[in-house]
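Undergrad: Following this line is coords_31.txt, made up of compact mmCIF, N, CA and C atoms:
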```
# COMPACT_ATOMS: atom_id res chain seq x y z
N MET N 1 -103.22 63.11 219.90
CA MET N 1 -102.38 63.27 221.07
C MET N 1 -102.73 62.20 222.09
N THR N 2 -101.76 61.90 222.91
CA THR N 2 -101.98 60.98 224.02
C THR N 2 -101.72 61.74 225.31
N GLU N 3 -102.00 61.10 226.41
CA GLU N 3 -101.72 61.74 227.69
C GLU N 3 -100.22 61.99 227.84
N ARG N 4 -99.41 61.15 227.25
CA ARG N 4 -97.95 61.29 227.34
C ARG N 4 -97.40 62.35 226.39
N ILE N 5 -98.08 62.56 225.28
CA ILE N 5 -97.59 63.50 224.26
C ILE N 5 -98.66 64.58 224.12
N ARG N 6 -98.34 65.78 224.59
CA ARG N 6 -99.36 66.82 224.60
C ARG N 6 -98.72 68.20 224.71
N ILE N 7 -99.54 69.20 224.50
CA ILE N 7 -99.12 70.58 224.68
C ILE N 7 -99.47 70.95 226.13
N ILE N 8 -98.49 71.53 226.83
CA ILE N 8 -98.73 71.97 228.21
C ILE N 8 -98.67 73.49 228.25
N GLU N 9 -98.60 74.04 229.45
CA GLU N 9 -98.61 75.49 229.61
C GLU N 9 -97.57 76.16 228.71
N HIS N 10 -97.91 77.35 228.29
CA HIS N 10 -97.05 78.19 227.45
C HIS N 10 -96.81 77.60 226.07
N GLY N 11 -97.62 76.63 225.65
CA GLY N 11 -97.48 76.04 224.33
C GLY N 11 -96.32 75.08 224.18
N ILE N 12 -95.75 74.65 225.28
CA ILE N 12 -94.62 73.72 225.25
C ILE N 12 -95.13 72.32 224.93
N VAL N 13 -94.42 71.64 224.02
CA VAL N 13 -94.75 70.26 223.68
C VAL N 13 -94.06 69.36 224.72
N LEU N 14 -94.87 68.59 225.45
CA LEU N 14 -94.34 67.66 226.44
C LEU N 14 -94.31 66.26 225.88
N LEU N 15 -93.12 65.66 225.90
CA LEU N 15 -92.97 64.24 225.58
C LEU N 15 -92.70 63.56 226.91
N ASP N 16 -93.75 63.05 227.53
CA ASP N 16 -93.64 62.43 228.85
C ASP N 16 -93.32 60.95 228.67
N LEU N 17 -92.03 60.66 228.68
CA LEU N 17 -91.56 59.29 228.52
C LEU N 17 -91.11 58.72 229.86
N SER N 18 -91.63 59.28 230.92
CA SER N 18 -91.22 58.87 232.26
C SER N 18 -91.82 57.53 232.65
N ASN N 19 -91.06 56.82 233.47
CA ASN N 19 -91.50 55.55 234.08
C ASN N 19 -91.96 54.50 233.09
N ILE N 20 -91.32 54.45 231.94
CA ILE N 20 -91.62 53.40 230.96
C ILE N 20 -90.74 52.21 231.31
N ARG N 21 -91.37 51.11 231.66
CA ARG N 21 -90.65 49.90 232.07
C ARG N 21 -90.50 48.90 230.93
N GLU N 22 -91.42 48.95 229.97
CA GLU N 22 -91.38 48.03 228.84
C GLU N 22 -91.46 48.86 227.55
N PRO N 23 -90.32 49.38 227.12
CA PRO N 23 -90.33 50.30 225.97
C PRO N 23 -90.92 49.70 224.70
N GLN N 24 -90.82 48.41 224.52
CA GLN N 24 -91.36 47.80 223.31
C GLN N 24 -92.88 47.95 223.23
N LYS N 25 -93.53 48.11 224.38
CA LYS N 25 -94.98 48.29 224.39
C LYS N 25 -95.38 49.75 224.18
N GLU N 26 -94.42 50.64 224.16
CA GLU N 26 -94.69 52.08 224.03
C GLU N 26 -94.12 52.66 222.74
N ALA N 27 -93.84 51.81 221.77
CA ALA N 27 -93.22 52.26 220.52
C ALA N 27 -94.06 53.30 219.79
N HIS N 28 -95.37 53.27 219.96
CA HIS N 28 -96.27 54.22 219.28
C HIS N 28 -96.06 55.66 219.75
N ILE N 29 -95.45 55.84 220.90
CA ILE N 29 -95.29 57.18 221.46
C ILE N 29 -94.44 58.07 220.56
N THR N 30 -93.35 57.52 220.02
CA THR N 30 -92.49 58.37 219.18
C THR N 30 -93.22 58.80 217.91
N ASP N 31 -94.09 57.96 217.39
CA ASP N 31 -94.86 58.35 216.20
C ASP N 31 -95.83 59.48 216.55
N ALA N 32 -96.49 59.36 217.69
CA ALA N 32 -97.41 60.42 218.14
C ALA N 32 -96.64 61.73 218.35
N ALA N 33 -95.44 61.63 218.92
CA ALA N 33 -94.61 62.82 219.15
C ALA N 33 -94.21 63.47 217.84
N ARG N 34 -93.80 62.68 216.88
CA ARG N 34 -93.40 63.20 215.57
C ARG N 34 -94.56 63.96 214.93
N LYS N 35 -95.76 63.38 214.99
CA LYS N 35 -96.93 64.00 214.36
C LYS N 35 -97.29 65.32 215.05
N LEU N 36 -97.26 65.35 216.37
CA LEU N 36 -97.61 66.57 217.09
C LEU N 36 -96.59 67.68 216.81
N ILE N 37 -95.31 67.34 216.85
CA ILE N 37 -94.28 68.36 216.62
C ILE N 37 -94.32 68.85 215.18
N ALA N 38 -94.63 67.97 214.24
CA ALA N 38 -94.70 68.36 212.82
C ALA N 38 -95.86 69.33 212.56
N ARG N 39 -96.81 69.42 213.47
CA ARG N 39 -97.93 70.37 213.32
C ARG N 39 -97.58 71.76 213.87
N GLN N 40 -96.40 71.89 214.47
CA GLN N 40 -95.97 73.18 215.00
C GLN N 40 -95.35 74.01 213.87
N PRO N 41 -95.37 75.33 214.00
CA PRO N 41 -94.72 76.15 212.97
C PRO N 41 -93.22 75.81 212.89
N VAL N 42 -92.70 75.82 211.69
CA VAL N 42 -91.29 75.49 211.48
C VAL N 42 -90.42 76.41 212.32
N GLY N 43 -89.51 75.80 213.07
CA GLY N 43 -88.56 76.54 213.88
C GLY N 43 -89.12 77.16 215.14
N GLU N 44 -90.32 76.78 215.56
CA GLU N 44 -90.95 77.43 216.71
C GLU N 44 -91.26 76.52 217.89
N ALA N 45 -91.22 75.21 217.72
CA ALA N 45 -91.61 74.30 218.80
C ALA N 45 -90.62 74.33 219.96
N LEU N 46 -91.16 74.39 221.15
CA LEU N 46 -90.39 74.28 222.38
C LEU N 46 -90.74 72.90 222.94
N VAL N 47 -89.73 72.03 223.08
CA VAL N 47 -89.99 70.63 223.41
C VAL N 47 -89.33 70.26 224.73
N LEU N 48 -90.14 69.69 225.62
CA LEU N 48 -89.67 69.19 226.91
C LEU N 48 -89.87 67.68 226.93
N THR N 49 -88.78 66.95 227.10
CA THR N 49 -88.84 65.50 227.17
C THR N 49 -88.46 65.06 228.57
N ASP N 50 -89.31 64.23 229.18
CA ASP N 50 -89.06 63.72 230.53
C ASP N 50 -88.88 62.21 230.45
N ILE N 51 -87.67 61.74 230.79
CA ILE N 51 -87.38 60.31 230.75
C ILE N 51 -87.13 59.73 232.14
N THR N 52 -87.58 60.43 233.16
CA THR N 52 -87.36 60.01 234.54
C THR N 52 -87.84 58.57 234.76
N GLY N 53 -86.96 57.75 235.29
CA GLY N 53 -87.32 56.39 235.69
C GLY N 53 -87.61 55.41 234.57
N SER N 54 -87.26 55.73 233.34
CA SER N 54 -87.56 54.83 232.22
C SER N 54 -86.39 53.91 231.90
N LYS N 55 -86.73 52.78 231.32
CA LYS N 55 -85.74 51.84 230.80
C LYS N 55 -85.66 52.03 229.30
N PHE N 56 -84.49 51.76 228.74
CA PHE N 56 -84.30 51.94 227.30
C PHE N 56 -83.68 50.70 226.69
N THR N 57 -84.24 50.30 225.56
CA THR N 57 -83.66 49.23 224.75
C THR N 57 -82.94 49.89 223.58
N ASP N 58 -82.19 49.09 222.84
CA ASP N 58 -81.54 49.63 221.64
C ASP N 58 -82.58 50.19 220.67
N ALA N 59 -83.70 49.47 220.54
CA ALA N 59 -84.76 49.92 219.63
C ALA N 59 -85.36 51.25 220.09
N ALA N 60 -85.53 51.42 221.40
CA ALA N 60 -86.08 52.67 221.94
C ALA N 60 -85.12 53.82 221.70
N VAL N 61 -83.84 53.60 221.90
CA VAL N 61 -82.85 54.65 221.65
C VAL N 61 -82.83 55.00 220.17
N ASP N 62 -82.91 54.01 219.31
CA ASP N 62 -82.95 54.26 217.87
C ASP N 62 -84.18 55.09 217.50
N ALA N 63 -85.32 54.76 218.08
CA ALA N 63 -86.55 55.51 217.79
C ALA N 63 -86.43 56.96 218.27
N LEU N 64 -85.84 57.18 219.43
CA LEU N 64 -85.65 58.54 219.93
C LEU N 64 -84.67 59.32 219.07
N THR N 65 -83.63 58.66 218.60
CA THR N 65 -82.66 59.31 217.71
C THR N 65 -83.33 59.74 216.42
N LYS N 66 -84.13 58.86 215.83
CA LYS N 66 -84.84 59.20 214.60
C LYS N 66 -85.84 60.33 214.83
N LEU N 67 -86.50 60.30 215.97
CA LEU N 67 -87.43 61.37 216.31
C LEU N 67 -86.71 62.71 216.39
N ALA N 68 -85.58 62.74 217.05
CA ALA N 68 -84.80 63.98 217.18
C ALA N 68 -84.35 64.49 215.81
N GLU N 69 -83.96 63.59 214.93
CA GLU N 69 -83.53 63.98 213.59
C GLU N 69 -84.69 64.56 212.79
N ARG N 70 -85.82 63.88 212.83
CA ARG N 70 -86.99 64.30 212.03
C ARG N 70 -87.59 65.61 212.53
N ASN N 71 -87.48 65.85 213.82
CA ASN N 71 -88.08 67.05 214.40
C ASN N 71 -87.23 68.30 214.21
N ARG N 72 -85.99 68.15 213.82
CA ARG N 72 -85.07 69.27 213.73
C ARG N 72 -85.67 70.53 213.10
N PRO N 73 -86.35 70.45 211.95
CA PRO N 73 -86.83 71.69 211.33
C PRO N 73 -87.89 72.44 212.14
N PHE N 74 -88.58 71.74 213.00
CA PHE N 74 -89.70 72.34 213.73
C PHE N 74 -89.32 72.90 215.09
N VAL N 75 -88.17 72.48 215.62
CA VAL N 75 -87.83 72.76 217.01
C VAL N 75 -86.94 73.99 217.16
N LYS N 76 -87.37 74.88 218.03
CA LYS N 76 -86.58 76.05 218.37
C LYS N 76 -85.65 75.74 219.53
N ALA N 77 -86.17 75.01 220.54
CA ALA N 77 -85.36 74.64 221.70
C ALA N 77 -85.89 73.35 222.29
N SER N 78 -84.96 72.53 222.79
CA SER N 78 -85.32 71.25 223.42
C SER N 78 -84.67 71.15 224.78
N ALA N 79 -85.44 70.60 225.72
CA ALA N 79 -84.93 70.37 227.07
C ALA N 79 -85.30 68.96 227.48
N LEU N 80 -84.44 68.38 228.30
CA LEU N 80 -84.61 67.00 228.74
C LEU N 80 -84.44 66.93 230.25
N VAL N 81 -85.29 66.18 230.92
CA VAL N 81 -85.16 65.96 232.36
C VAL N 81 -85.21 64.46 232.64
N GLY N 82 -84.61 64.08 233.77
CA GLY N 82 -84.71 62.71 234.23
C GLY N 82 -83.54 61.81 233.89
N LEU N 83 -82.39 62.39 233.62
CA LEU N 83 -81.24 61.56 233.27
C LEU N 83 -80.67 60.85 234.49
N SER N 84 -80.38 59.58 234.29
CA SER N 84 -79.63 58.80 235.27
C SER N 84 -78.20 58.70 234.73
N PRO N 85 -77.27 58.15 235.50
CA PRO N 85 -75.91 58.01 234.95
C PRO N 85 -75.89 57.23 233.62
N LEU N 86 -76.68 56.17 233.52
CA LEU N 86 -76.71 55.39 232.28
C LEU N 86 -77.38 56.16 231.15
N THR N 87 -78.51 56.78 231.42
CA THR N 87 -79.19 57.51 230.34
C THR N 87 -78.43 58.76 229.93
N ARG N 88 -77.57 59.27 230.81
CA ARG N 88 -76.71 60.41 230.44
C ARG N 88 -75.78 60.01 229.29
N VAL N 89 -75.25 58.80 229.33
CA VAL N 89 -74.38 58.30 228.25
C VAL N 89 -75.19 58.18 226.95
N ILE N 90 -76.40 57.63 227.06
CA ILE N 90 -77.27 57.48 225.90
C ILE N 90 -77.61 58.86 225.33
N PHE N 91 -77.94 59.80 226.21
CA PHE N 91 -78.28 61.17 225.81
C PHE N 91 -77.13 61.79 225.02
N ARG N 92 -75.93 61.65 225.51
CA ARG N 92 -74.77 62.23 224.80
C ARG N 92 -74.62 61.63 223.41
N ALA N 93 -74.87 60.34 223.30
CA ALA N 93 -74.78 59.68 221.99
C ALA N 93 -75.86 60.20 221.04
N VAL N 94 -77.08 60.36 221.54
CA VAL N 94 -78.17 60.87 220.70
C VAL N 94 -77.86 62.28 220.23
N VAL N 95 -77.37 63.13 221.12
CA VAL N 95 -77.02 64.50 220.76
C VAL N 95 -75.91 64.51 219.71
N ALA N 96 -74.92 63.66 219.90
CA ALA N 96 -73.81 63.60 218.94
C ALA N 96 -74.29 63.11 217.57
N LEU N 97 -75.13 62.10 217.56
CA LEU N 97 -75.62 61.55 216.29
C LEU N 97 -76.54 62.51 215.55
N THR N 98 -77.36 63.23 216.28
CA THR N 98 -78.35 64.09 215.64
C THR N 98 -77.86 65.53 215.45
N ARG N 99 -76.78 65.86 216.15
CA ARG N 99 -76.24 67.23 216.13
C ARG N 99 -77.29 68.26 216.56
N ARG N 100 -78.14 67.84 217.48
CA ARG N 100 -79.17 68.72 218.02
C ARG N 100 -78.68 69.35 219.31
N ASP N 101 -79.14 70.54 219.58
CA ASP N 101 -78.84 71.22 220.83
C ASP N 101 -79.98 70.90 221.80
N ILE N 102 -79.80 69.84 222.56
CA ILE N 102 -80.79 69.42 223.55
C ILE N 102 -80.14 69.59 224.91
N ARG N 103 -80.74 70.40 225.76
CA ARG N 103 -80.15 70.70 227.07
C ARG N 103 -80.77 69.83 228.15
N ALA N 104 -79.95 69.35 229.06
CA ALA N 104 -80.41 68.52 230.18
C ALA N 104 -80.57 69.38 231.43
N PHE N 105 -81.65 69.10 232.19
CA PHE N 105 -81.95 69.84 233.41
C PHE N 105 -82.35 68.87 234.51
N GLY N 106 -82.24 69.34 235.75
CA GLY N 106 -82.58 68.51 236.90
C GLY N 106 -84.07 68.43 237.18
N THR N 107 -84.82 69.47 236.78
CA THR N 107 -86.26 69.49 237.05
C THR N 107 -87.02 70.02 235.84
N ARG N 108 -88.31 69.72 235.82
CA ARG N 108 -89.16 70.25 234.75
C ARG N 108 -89.22 71.77 234.83
N GLU N 109 -89.25 72.30 236.03
CA GLU N 109 -89.33 73.75 236.19
C GLU N 109 -88.13 74.44 235.56
N GLU N 110 -86.93 73.90 235.79
CA GLU N 110 -85.72 74.48 235.19
C GLU N 110 -85.79 74.37 233.67
N ALA N 111 -86.26 73.24 233.19
CA ALA N 111 -86.36 73.03 231.74
C ALA N 111 -87.36 74.01 231.12
N ILE N 112 -88.49 74.19 231.77
CA ILE N 112 -89.51 75.12 231.26
C ILE N 112 -88.96 76.54 231.24
N GLU N 113 -88.25 76.93 232.28
CA GLU N 113 -87.65 78.27 232.32
C GLU N 113 -86.70 78.47 231.15
N TYR N 114 -85.87 77.46 230.88
CA TYR N 114 -84.95 77.52 229.74
C TYR N 114 -85.73 77.67 228.43
N LEU N 115 -86.75 76.84 228.24
CA LEU N 115 -87.52 76.89 227.01
C LEU N 115 -88.20 78.25 226.82
N LEU N 116 -88.77 78.77 227.88
CA LEU N 116 -89.44 80.07 227.79
C LEU N 116 -88.46 81.20 227.51
N SER N 117 -87.22 81.04 227.94
CA SER N 117 -86.22 82.07 227.63
C SER N 117 -85.97 82.15 226.13
N HIS N 118 -86.16 81.06 225.42
CA HIS N 118 -86.02 81.08 223.97
C HIS N 118 -87.21 81.74 223.30
N ARG N 119 -88.37 81.58 223.88
CA ARG N 119 -89.54 82.25 223.32
C ARG N 119 -89.38 83.76 223.48
N ALA N 120 -88.88 84.18 224.62
CA ALA N 120 -88.74 85.61 224.91
C ALA N 120 -87.78 86.32 223.95
N GLU N 121 -86.83 85.59 223.39
CA GLU N 121 -85.86 86.19 222.47
C GLU N 121 -86.54 86.89 221.30
N ASP N 122 -87.67 86.34 220.86
CA ASP N 122 -88.30 86.85 219.64
C ASP N 122 -89.44 87.82 219.92
N VAL N 123 -89.69 88.13 221.16
CA VAL N 123 -90.77 89.05 221.48
C VAL N 123 -90.29 90.46 221.16
N PRO N 124 -90.97 91.15 220.25
CA PRO N 124 -90.52 92.50 219.90
C PRO N 124 -90.74 93.46 221.06
N PRO N 125 -89.93 94.49 221.15
CA PRO N 125 -90.12 95.46 222.23
C PRO N 125 -91.44 96.21 222.06
N LEU N 126 -91.98 96.65 223.17
CA LEU N 126 -93.22 97.44 223.10
C LEU N 126 -92.91 98.77 222.41
N PRO N 127 -93.82 99.23 221.57
CA PRO N 127 -93.58 100.52 220.91
C PRO N 127 -93.60 101.65 221.94
N SER N 128 -92.74 102.60 221.75
CA SER N 128 -92.72 103.73 222.68
C SER N 128 -93.86 104.67 222.32
N THR N 129 -94.44 105.27 223.33
CA THR N 129 -95.58 106.16 223.10
C THR N 129 -95.19 107.60 223.22
```
What does this structure look like when you write it as structure tokens?

TA:
Amino acid sequence: MTERIRIIEHGIVLLDLSNIREPQKEAHITDAARKLIARQPVGEALVLTDITGSKFTDAAVDALTKLAERNRPFVKASALVGLSPLTRVIFRAVVALTRRDIRAFGTREEAIEYLLSHRAEDVPPLPST
């Protein structure tokens, strides 16, 4: 794991891709993300991706698209924060290409709330006494 790719509170996988100015120098991040997510139980990973303030090249978008495709079996829910008008267009293209349900949010807090709502779906009711 790296500081950018890690498990945060509630077991959420954080892909902190924020403020990347030279994406070609950060190409290793998607590989680290793929490895961490692949260690999660199939269909259980809750993933939060933050792209606030980052620049994207065609190669970076391609790497993110491949990451989203490869992670599909492991991910229960995905949330994204930090979209600008330009990255919103890129985001829509990635979602269309990968056919993944990735939701965009204005803040990390909103995204975490969304992700945790998916975890709660599977919590069995307490047995009655």

Undergrad: Can you sort out the box for stretch 17-22 of chain N, edges along x, y and z, all listed atoms in, 4 Å on every side, with centre and edge lengths in Å to one decimal, as lines of an AutoDock Vina configuration file?

TA:
```
center_x = -91.3
center_y = 54.3
center_z = 230.8
size_x = 9.5
size_y = 20.6
size_z = 14.5
```

Undergrad: Among chain N, which residues does DSSP mark as alpha helix (DSSP H) when it is run on the backbone? Keep the chain and numbering as in the structure and answer as number ranges by chain.

TA: N: 28-38, 58-71, 85-98, 108-120

Undergrad: For atom CA of N:Val42 and atom CA of N:Arg88, determine how far apart the two atoms are, in Å to one decimal place.

TA: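 Rounded to one decimal, the two atoms are 28.3 Å apart.
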
Undergrad: So that I can see what lies close to N:Thr107, please list as a PyMOL selection string the residues with an atom at most 7 Å from it, counting all atoms listed in the file and leaving out residues fewer than 6 positions away in the same chain.

TA: chain N and resi 80-82

Undergrad: Residues as selected, N, CA and C atoms, written as a PDB file, keeping the file's coordinate frame, can you do that?

TA:
```pdb
ATOM      1  N   LEU N  80     -84.440  68.380 228.300  1.00  0.00           N
ATOM      2  CA  LEU N  80     -84.610  67.000 228.740  1.00  0.00           C
ATOM      3  C   LEU N  80     -84.440  66.930 230.250  1.00  0.00           C
ATOM      4  N   VAL N  81     -85.290  66.180 230.920  1.00  0.00           N
ATOM      5  CA  VAL N  81     -85.160  65.960 232.360  1.00  0.00           C
ATOM      6  C   VAL N  81     -85.210  64.460 232.640  1.00  0.00           C
ATOM      7  N   GLY N  82     -84.610  64.080 233.770  1.00  0.00           N
ATOM      8  CA  GLY N  82     -84.710  62.710 234.230  1.00  0.00           C
ATOM      9  C   GLY N  82     -83.540  61.810 233.890  1.00  0.00           C
TER      10      GLY N  82
END
```

Undergrad: Quick one: everything within 9 Å of N:Leu48, counting only C-alpha atoms, minus sequence neighbours fewer than 5 positions away in the same chain. Send it as a list of chain:residue names.

TA: N:Ile12, N:Val13, N:Leu14, N:Leu15, N:Asp16, N:Ala77, N:Ser78, N:Ala79, N:Leu80, N:Val81, N:Arg108, N:Ala111, N:Ile112, N:Leu115

Undergrad: Write out as a list in words all residues of chain N that backbone DSSP assigns to strand (DSSP E or B).

TA: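 Written out, the strand (DSSP E or B) residues of chain N are Ile5, Arg6, Ile7, Val13, Leu14, Leu15, Asp16, Ala45, Leu46, Val47, Leu48, Thr49, Asp50, Val75, Lys76, Ala77, Ser78, Ala79, Leu80, Val81, Ile102, Arg103, Ala104 and Phe105 of chain N.
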
Undergrad: Can you tell me, as an NGL selection string, what residues are no more than 12 Å from N:Ile5 when counting only C-alpha atoms, ignoring any on the same chain fewer than 4 positions away?

TA: :N and (1 or 12-18 or 26 or 28-37 or 47-50)

Undergrad: Measuring between only C-alpha atoms, which one of N:Arg99, N:Lys25, N:Lys55, N:Lys76 shows the shortest distance to N:Pro41?

TA: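 Among the listed residues, N:Lys76 lies closest to N:Pro41.
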
Undergrad: Record the distance separating atom CA of N:Glu69 and atom CA of N:Ile7, expressed in Å with one decimal.

TA: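 Rounded to one decimal, the two atoms are 20.2 Å apart.
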
Undergrad: Select, from N:Ala63, N:Asn71, N:Ile90, N:Thr98, the residue with the minimum atom-to-atom distance to N:Ala27, counting all atoms listed in the file.

TA: N:Ala63

Undergrad: Of the candidates N:Val94, N:Val75, N:Leu67, N:Ala60, which one gets nearest to N:Ala45 if we count only C-alpha atoms?

TA: N:Val75

Undergrad: To one decimal in Å, tell me the separation between atom CA of N:Ser54 and atom C of N:His118.

TA: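 According to the coordinates, atom CA of N:Ser54 and atom C of N:His118 are separated by 28.4 Å.
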